[in-house]
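To keep things clear, I will list the structure first and then write my remarks on it.
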Amino acid sequence: MSTDLTFITNEKGRSLADRFSVLLGNNTRAFDCLVGYFYLSGFRRLADPLKPTEKVRILIGLSTDQPTFELLGQAKEQMLELRSHAEAKERVPGEILSELETIEDSSDVEVGVRQFVEWVKSGKLEVRVFPSAKLHAKLYIMTFVDGHIDKGRVVTGSSNFSQSGLVDNLEFNVELKNRADYDFALAKFNELWKQSVEVSETYVQTVELRSPFAQFTPHELFLKFLYEYFKAELSRSEETDPVYLPARFKKLKYQDDAVTAARRTLDEYGGVFLSDVVGLGKTYMAALLAQQLPGRTLVIAPPALLDDNNPGSWPNVFRDFRVPQARFQSAGKLDELLRQGVENYDNVFIDESHRFRTETNQTYERLAQICRGKRVILVSATPLNNHPHDILSQVKLFQNGKASTIPNVRDLEAFFSRLVKKLKGLDRQRDREEYFATVRENAREIREKVLKYLMIRRTRTEIARYYTADLAAQELRFPDVATPEPLFYQLNTHENQAFNDTIGRLAQITYARYRPLTYYKGERAEGEVVAQENLARFMKILLVKRLESSLHAFRLTLDRFIHTYEQFIAAFKNGSVFISKKHIGKIFELLEQDDVTRIQELIDADLAEELPAADFTSGFSRDINNDLSLLREIRDLWSGVKRDPKWTELATALRERDVLRSQRVILFTESKETALYLAERRF
């Protein structure tokens, strides 16, 4: 192979960039180039060899952007004439951005871009555009330092000042070494330079302010992030019609912001949790949101919150806020809703959505059917209890469990199953510390990976901190609440033994009377069996809750259990088992209202279906009789207990504590029977 360096083709070992590295360095005082196209990617290749050079001038004859390059190619390389200085300067920013937005993302590229900007600012480098003539030359002039054997060198040919021209493409360039060639080239360059348009500052401003290499302070970057994140809401707030507010209702910024965030979440994910803590006005926020959603709206809520006599009920609030086309349905009447048809609804609001955290029952299946294809708004201050599946079941009302749109959690079921496995084998009592540490870690992961995309949740402390000015302007403030102070009551030896023995026996009860179909030898629909299993679980929870509420409520509930077991066993001995399925939805509704008496009446009175006792396994007879024996034993355990230590402690506090004695006191209880019992007490 020839070693003559006169011709440079970019073949192996013969690139123009390599030749410049030899010619530049400490030999060159000035470097001038006239090219059709200049790219910062090309400058990067020569940045290091050019460091010792005192002055660099770049004169661009045509354009630098790829679309223009392609256009020229299609036009068989017809030259593009820049008609005026103004036009030339206007073109440059777009051409620069066109390159920088597609340039390789690497540290070398960034160093080269920063070097370019630094040299322009220092005056070492100037960039100009030739505006008025067809100029498609490729000319590089090197002026050597004083005392060098040559005045300078000239390279001319086909290479533009770009990565492709200097290295990648097969090019044909010639190196001219004669003094006459150097003098002619420099003189012609200086003549064109005087006619050109200065664009150095344009390059710097475009790079520093508009390109991917723009440098911002952390504060400026944060503001830019906020703008990009909320710009849809900023434009939406200008476009949407003003919402209607009742005359007595205050326009609170924290509620407006929640509604705006909820709309964004609905648009992105199809559902949202409104989960502000109790007392911040979730029902009112829901009404504000419903005003702004197109289509018909369905509200599913506990019956107590649908009562027209309750000013804060859903129907009354939606009426006050003039929400159009809204219908309200009890959570216990989903069957009726489905029979009437739900295809005309576009939005479904579900109050107390945490009640639907179990997928393995018919109520959830019906709710999922109602929600399918609709916007779903879940209203609950406590959507997550202790089990990861509490959240999964609710999220699946509007997200596909296997193919969600939540970033980085496409398979929701796999994600939550992994969290469930972490709890497997841990006993809540035996492994208490590890169990609750795992629960807390699971909750943190759910919040950070799932709920942060789907949930609006603020505390009073956060509202007070971030909405201080608005609350002050509205003359509102949250009351100062002291840290809760527990009251402890003490059982004597006999009472303590009765309590411990009761807990042990409650754990042994099978509640077979409430789930007879689990013992049935014939064929039944799976949904019927699951519904009875759920009812049995509810009845078990009911007994435990009554024991925690008051001895009075527990005794009454225990007596009802014993009575209904006795009636059921008597019918069984006569050869009949009565199955109640007609009122199962109503039973769940009454459980929410704590109407235990009515529940038992429905269970006992509904003789919709009679099955032969012979069609049930022998285990059924054993379990219902054993359950009755355990219930009677529990009643006997408390028969000798005459005092109520819990009431005694409460009465003492009400009498003797100044803060309680000097003010009106509200007592909260889950049991209506406990409330009536307390209303009759005197202290």
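Following the order of the structure tokens, chains are lettered A, B, ..., residues in each are numbered from 1, and ligands are numbered from 1.
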For this session: Assign secondary structure with DSSP using the backbone only, and return the residues of range 156-195 of chain A in alpha helix (DSSP H) as a list in words.
Result: Gln163, Arg179, Ala180, Asp181, Tyr182, Asp183, Phe184, Ala185, Leu186, Ala187, Lys188, Phe189, Asn190, Glu191, Leu192, Trp193, Lys194 and Gln195 of chain A
Selected residues, all heavy atoms, written as a short mmCIF file (atom, residue, chain, number, x, y, z; two decimals), in the first residue's frame, please.
data_model
loop_
_atom_site.label_atom_id
_atom_site.label_comp_id
_atom_site.auth_asym_id
_atom_site.auth_seq_id
_atom_site.Cartn_x
_atom_site.Cartn_y
_atom_site.Cartn_z
N GLN A 163 -18.92 13.77 11.65
CA GLN A 163 -18.40 12.44 11.94
C GLN A 163 -18.29 11.61 10.66
O GLN A 163 -17.31 10.90 10.43
CB GLN A 163 -19.34 11.74 12.94
CG GLN A 163 -19.08 10.25 13.16
CD GLN A 163 -17.81 9.97 13.94
OE1 GLN A 163 -17.29 10.85 14.63
NE2 GLN A 163 -17.28 8.76 13.81
N ARG A 179 2.97 26.84 -0.93
CA ARG A 179 2.68 28.14 -0.32
C ARG A 179 1.64 28.89 -1.13
O ARG A 179 0.75 29.54 -0.58
CB ARG A 179 3.97 28.95 -0.22
CG ARG A 179 3.78 30.38 0.28
CD ARG A 179 3.28 30.42 1.73
NE ARG A 179 3.10 31.76 2.20
CZ ARG A 179 4.03 32.48 2.86
NH1 ARG A 179 5.23 31.95 3.08
NH2 ARG A 179 3.78 33.69 3.28
N ALA A 180 1.71 28.79 -2.47
CA ALA A 180 0.76 29.51 -3.32
C ALA A 180 -0.66 29.01 -3.09
O ALA A 180 -1.62 29.80 -3.06
CB ALA A 180 1.16 29.35 -4.79
N ASP A 181 -0.81 27.69 -2.92
CA ASP A 181 -2.15 27.15 -2.64
C ASP A 181 -2.68 27.65 -1.31
O ASP A 181 -3.86 28.00 -1.17
CB ASP A 181 -2.09 25.62 -2.62
CG ASP A 181 -1.75 25.04 -3.99
OD1 ASP A 181 -2.08 25.69 -5.00
OD2 ASP A 181 -1.15 23.95 -4.02
N TYR A 182 -1.81 27.69 -0.32
CA TYR A 182 -2.20 28.19 1.01
C TYR A 182 -2.64 29.64 0.93
O TYR A 182 -3.69 30.02 1.45
CB TYR A 182 -1.04 28.01 1.99
CG TYR A 182 -1.21 28.81 3.26
CD1 TYR A 182 -2.03 28.38 4.29
CD2 TYR A 182 -0.56 30.05 3.40
CE1 TYR A 182 -2.20 29.14 5.45
CE2 TYR A 182 -0.71 30.81 4.55
CZ TYR A 182 -1.54 30.35 5.58
OH TYR A 182 -1.70 31.11 6.72
N ASP A 183 -1.82 30.50 0.27
CA ASP A 183 -2.12 31.94 0.20
C ASP A 183 -3.44 32.18 -0.52
O ASP A 183 -4.27 33.00 -0.10
CB ASP A 183 -0.99 32.67 -0.52
CG ASP A 183 0.27 32.76 0.33
OD1 ASP A 183 0.17 32.58 1.58
OD2 ASP A 183 1.35 32.98 -0.24
N PHE A 184 -3.68 31.47 -1.63
CA PHE A 184 -4.93 31.65 -2.38
C PHE A 184 -6.13 31.24 -1.54
O PHE A 184 -7.14 31.94 -1.47
CB PHE A 184 -4.88 30.82 -3.68
CG PHE A 184 -6.17 30.86 -4.44
CD1 PHE A 184 -6.47 31.94 -5.28
CD2 PHE A 184 -7.10 29.84 -4.30
CE1 PHE A 184 -7.67 31.97 -5.97
CE2 PHE A 184 -8.30 29.88 -4.99
CZ PHE A 184 -8.59 30.96 -5.83
N ALA A 185 -6.03 30.07 -0.90
CA ALA A 185 -7.15 29.56 -0.12
C ALA A 185 -7.48 30.49 1.03
O ALA A 185 -8.65 30.79 1.32
CB ALA A 185 -6.84 28.17 0.40
N LEU A 186 -6.47 30.98 1.75
CA LEU A 186 -6.72 31.86 2.90
C LEU A 186 -7.32 33.18 2.46
O LEU A 186 -8.23 33.70 3.12
CB LEU A 186 -5.41 32.09 3.67
CG LEU A 186 -5.53 32.92 4.95
CD1 LEU A 186 -6.46 32.23 5.95
CD2 LEU A 186 -4.16 33.16 5.58
N ALA A 187 -6.80 33.73 1.35
CA ALA A 187 -7.34 35.00 0.86
C ALA A 187 -8.81 34.85 0.47
O ALA A 187 -9.65 35.71 0.79
CB ALA A 187 -6.52 35.48 -0.34
N LYS A 188 -9.14 33.77 -0.21
CA LYS A 188 -10.53 33.56 -0.61
C LYS A 188 -11.42 33.32 0.62
O LYS A 188 -12.55 33.83 0.68
CB LYS A 188 -10.61 32.34 -1.55
CG LYS A 188 -11.95 32.21 -2.24
CD LYS A 188 -12.22 33.41 -3.16
CE LYS A 188 -13.55 33.28 -3.89
NZ LYS A 188 -13.85 34.48 -4.69
N PHE A 189 -10.91 32.60 1.59
CA PHE A 189 -11.68 32.37 2.83
C PHE A 189 -11.98 33.69 3.53
O PHE A 189 -13.11 33.94 3.97
CB PHE A 189 -10.90 31.44 3.76
CG PHE A 189 -11.63 31.13 5.05
CD1 PHE A 189 -12.50 30.05 5.14
CD2 PHE A 189 -11.46 31.94 6.17
CE1 PHE A 189 -13.17 29.77 6.33
CE2 PHE A 189 -12.14 31.67 7.36
CZ PHE A 189 -13.00 30.58 7.43
N ASN A 190 -10.94 34.58 3.65
CA ASN A 190 -11.13 35.86 4.34
C ASN A 190 -12.14 36.74 3.61
O ASN A 190 -12.92 37.47 4.23
CB ASN A 190 -9.79 36.59 4.46
CG ASN A 190 -8.89 35.95 5.51
OD1 ASN A 190 -9.37 35.32 6.46
ND2 ASN A 190 -7.58 36.10 5.34
N GLU A 191 -12.13 36.65 2.28
CA GLU A 191 -13.11 37.41 1.48
C GLU A 191 -14.53 36.95 1.77
O GLU A 191 -15.43 37.76 1.99
CB GLU A 191 -12.78 37.22 0.00
CG GLU A 191 -13.73 37.96 -0.94
CD GLU A 191 -13.43 37.63 -2.39
OE1 GLU A 191 -12.27 37.34 -2.71
OE2 GLU A 191 -14.38 37.65 -3.20
N LEU A 192 -14.74 35.65 1.81
CA LEU A 192 -16.07 35.11 2.12
C LEU A 192 -16.46 35.35 3.57
O LEU A 192 -17.63 35.57 3.89
CB LEU A 192 -16.10 33.60 1.81
CG LEU A 192 -15.89 33.20 0.35
CD1 LEU A 192 -15.75 31.68 0.23
CD2 LEU A 192 -17.05 33.69 -0.50
N TRP A 193 -15.51 35.31 4.46
CA TRP A 193 -15.75 35.53 5.90
C TRP A 193 -16.34 36.91 6.15
O TRP A 193 -17.24 37.08 6.97
CB TRP A 193 -14.44 35.33 6.66
CG TRP A 193 -14.57 35.40 8.16
CD1 TRP A 193 -14.30 36.48 8.96
CD2 TRP A 193 -15.00 34.38 9.05
NE1 TRP A 193 -14.53 36.19 10.27
CE2 TRP A 193 -14.97 34.89 10.37
CE3 TRP A 193 -15.42 33.05 8.86
CZ2 TRP A 193 -15.33 34.14 11.49
CZ3 TRP A 193 -15.77 32.32 9.98
CH2 TRP A 193 -15.73 32.85 11.27
N LYS A 194 -15.83 37.91 5.39
CA LYS A 194 -16.31 39.28 5.58
C LYS A 194 -17.77 39.43 5.16
O LYS A 194 -18.49 40.29 5.65
CB LYS A 194 -15.44 40.24 4.77
CG LYS A 194 -14.03 40.41 5.31
CD LYS A 194 -13.21 41.33 4.41
CE LYS A 194 -11.77 41.45 4.91
NZ LYS A 194 -10.94 42.31 4.02
N GLN A 195 -18.23 38.58 4.23
CA GLN A 195 -19.61 38.66 3.73
C GLN A 195 -20.60 37.80 4.54
O GLN A 195 -21.79 37.82 4.29
CB GLN A 195 -19.66 38.19 2.27
CG GLN A 195 -18.76 38.97 1.33
CD GLN A 195 -18.73 38.34 -0.04
OE1 GLN A 195 -19.76 37.90 -0.56
NE2 GLN A 195 -17.55 38.27 -0.65
#
For this session: DSSP on the backbone, then: every residue of range 282-461 of chain A marked strand (DSSP E), written as a PyMOL selection string.
Result: chain A and resi 296-301+326-330+345-351+375-379+455-456
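From CA of Arg664 in chain A back to CA of Ala679 in chain A, the distance works out to 14.0 Å.
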For this session: Pick out the residues sitting within 8 Å of range 247-259 of chain A, and hand them over as number ranges by chain; count only C-alpha atoms, and ignore anything fewer than 2 positions along from it in its own chain.
Result: A: 245, 261-263, 281, 285-286, 288-289, 456, 463, 467, 470-471, 474
Just-selected residues, C-alpha atoms written as a short mmCIF file (atom, residue, chain, number, x, y, z; two decimals), in the first residue's frame:
data_model
loop_
_atom_site.label_atom_id
_atom_site.label_comp_id
_atom_site.auth_asym_id
_atom_site.auth_seq_id
_atom_site.Cartn_x
_atom_site.Cartn_y
_atom_site.Cartn_z
CA LEU A 245 -71.00 25.23 44.37
CA ALA A 261 -55.52 15.11 40.31
CA ALA A 262 -58.36 12.60 40.29
CA ARG A 263 -59.34 13.57 36.74
CA GLY A 281 -64.81 16.01 52.66
CA MET A 285 -64.86 16.08 46.41
CA ALA A 286 -66.62 13.18 44.72
CA LEU A 288 -67.20 18.09 42.42
CA LEU A 289 -65.54 15.36 40.37
CA ILE A 456 -55.19 10.81 46.33
CA ILE A 463 -53.44 20.08 54.34
CA TYR A 467 -52.71 25.05 52.13
CA ASP A 470 -56.11 29.33 51.60
CA LEU A 471 -57.34 27.99 54.95
CA GLN A 474 -61.38 31.03 54.42
#
Problem set entry | Selection near Leu426 in chain A, 12 Å with only C-alpha atoms, sequence-local residues under 4 positions removed, as a PyMOL selection string | chain A and resi 420-422+430-439
Exercise. So which residues touch range 398-411 of chain A within 8 Å, counting only C-alpha atoms, skipping near sequence neighbours fewer than 3 positions away, as a PyMOL selection string?
Worked result: chain A and resi 269-271+371-376+394-395+414-415+449-450+453
Exercise. Of the candidates A:Glu171, A:Asp32, A:Asp48, A:Glu365, which shows the shortest atom-to-atom distance to Thr9 in chain A, using only C-alpha atoms?
Worked result: A:Glu171
For this session: Could you please determine the separation between CA of Met142 in chain A and CA of Leu46 in chain A in Å, to one decimal place?
Result: 13.1 Å
For this session: Tell me which protein, DNA and RNA residues are within 6 Å of Phe620 in chain A, counting only C-alpha atoms, leaving out same-chain ones fewer than 3 positions away, and put them as a VMD selection string.
Result: chain A and resid 519 617 623
Seminar exercise, completed: Correct to one decimal, the distance CA of Pro294 in chain A-CA of Ile370 in chain A is 17.7 Å
Problem set entry | Top pick for closest residue to Asn173 in chain A, considering A:Arg19, A:His387, A:Arg57, A:His552 and counting only C-alpha atoms | A:Arg19
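Closest approach to Ser671 in chain A among A:Glu548, A:Glu413, A:Glu610, A:Glu126: A:Glu548, based on only C-alpha atoms.
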For this session: Find the residue from A:Gln340, A:Ser550, A:Thr53, A:Asn625 that sits nearest to Ile569 in chain A; use only C-alpha atoms when measuring.
Result: A:Asn625
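In this comparison, which uses only C-alpha atoms, the residue of A:Thr468, A:Thr283, A:Thr143, A:Ser330 approaching Thr363 in chain A most closely is A:Ser330.
Among A:Phe144, A:Phe43, A:Phe130, A:Phe568, the residue with the shortest atom-to-atom distance to Arg114 in chain A, counting only C-alpha atoms, is A:Phe43.
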Problem set entry | Selection: 12 Å around range 153-158 of chain A, only C-alpha atoms, excl. self and same-chain fewer than 4 positions, as a ChimeraX atom specification | /A:5-10,16-17,19-20,22-24,27-37,136-145,148-149,162,164-166,169-186,189
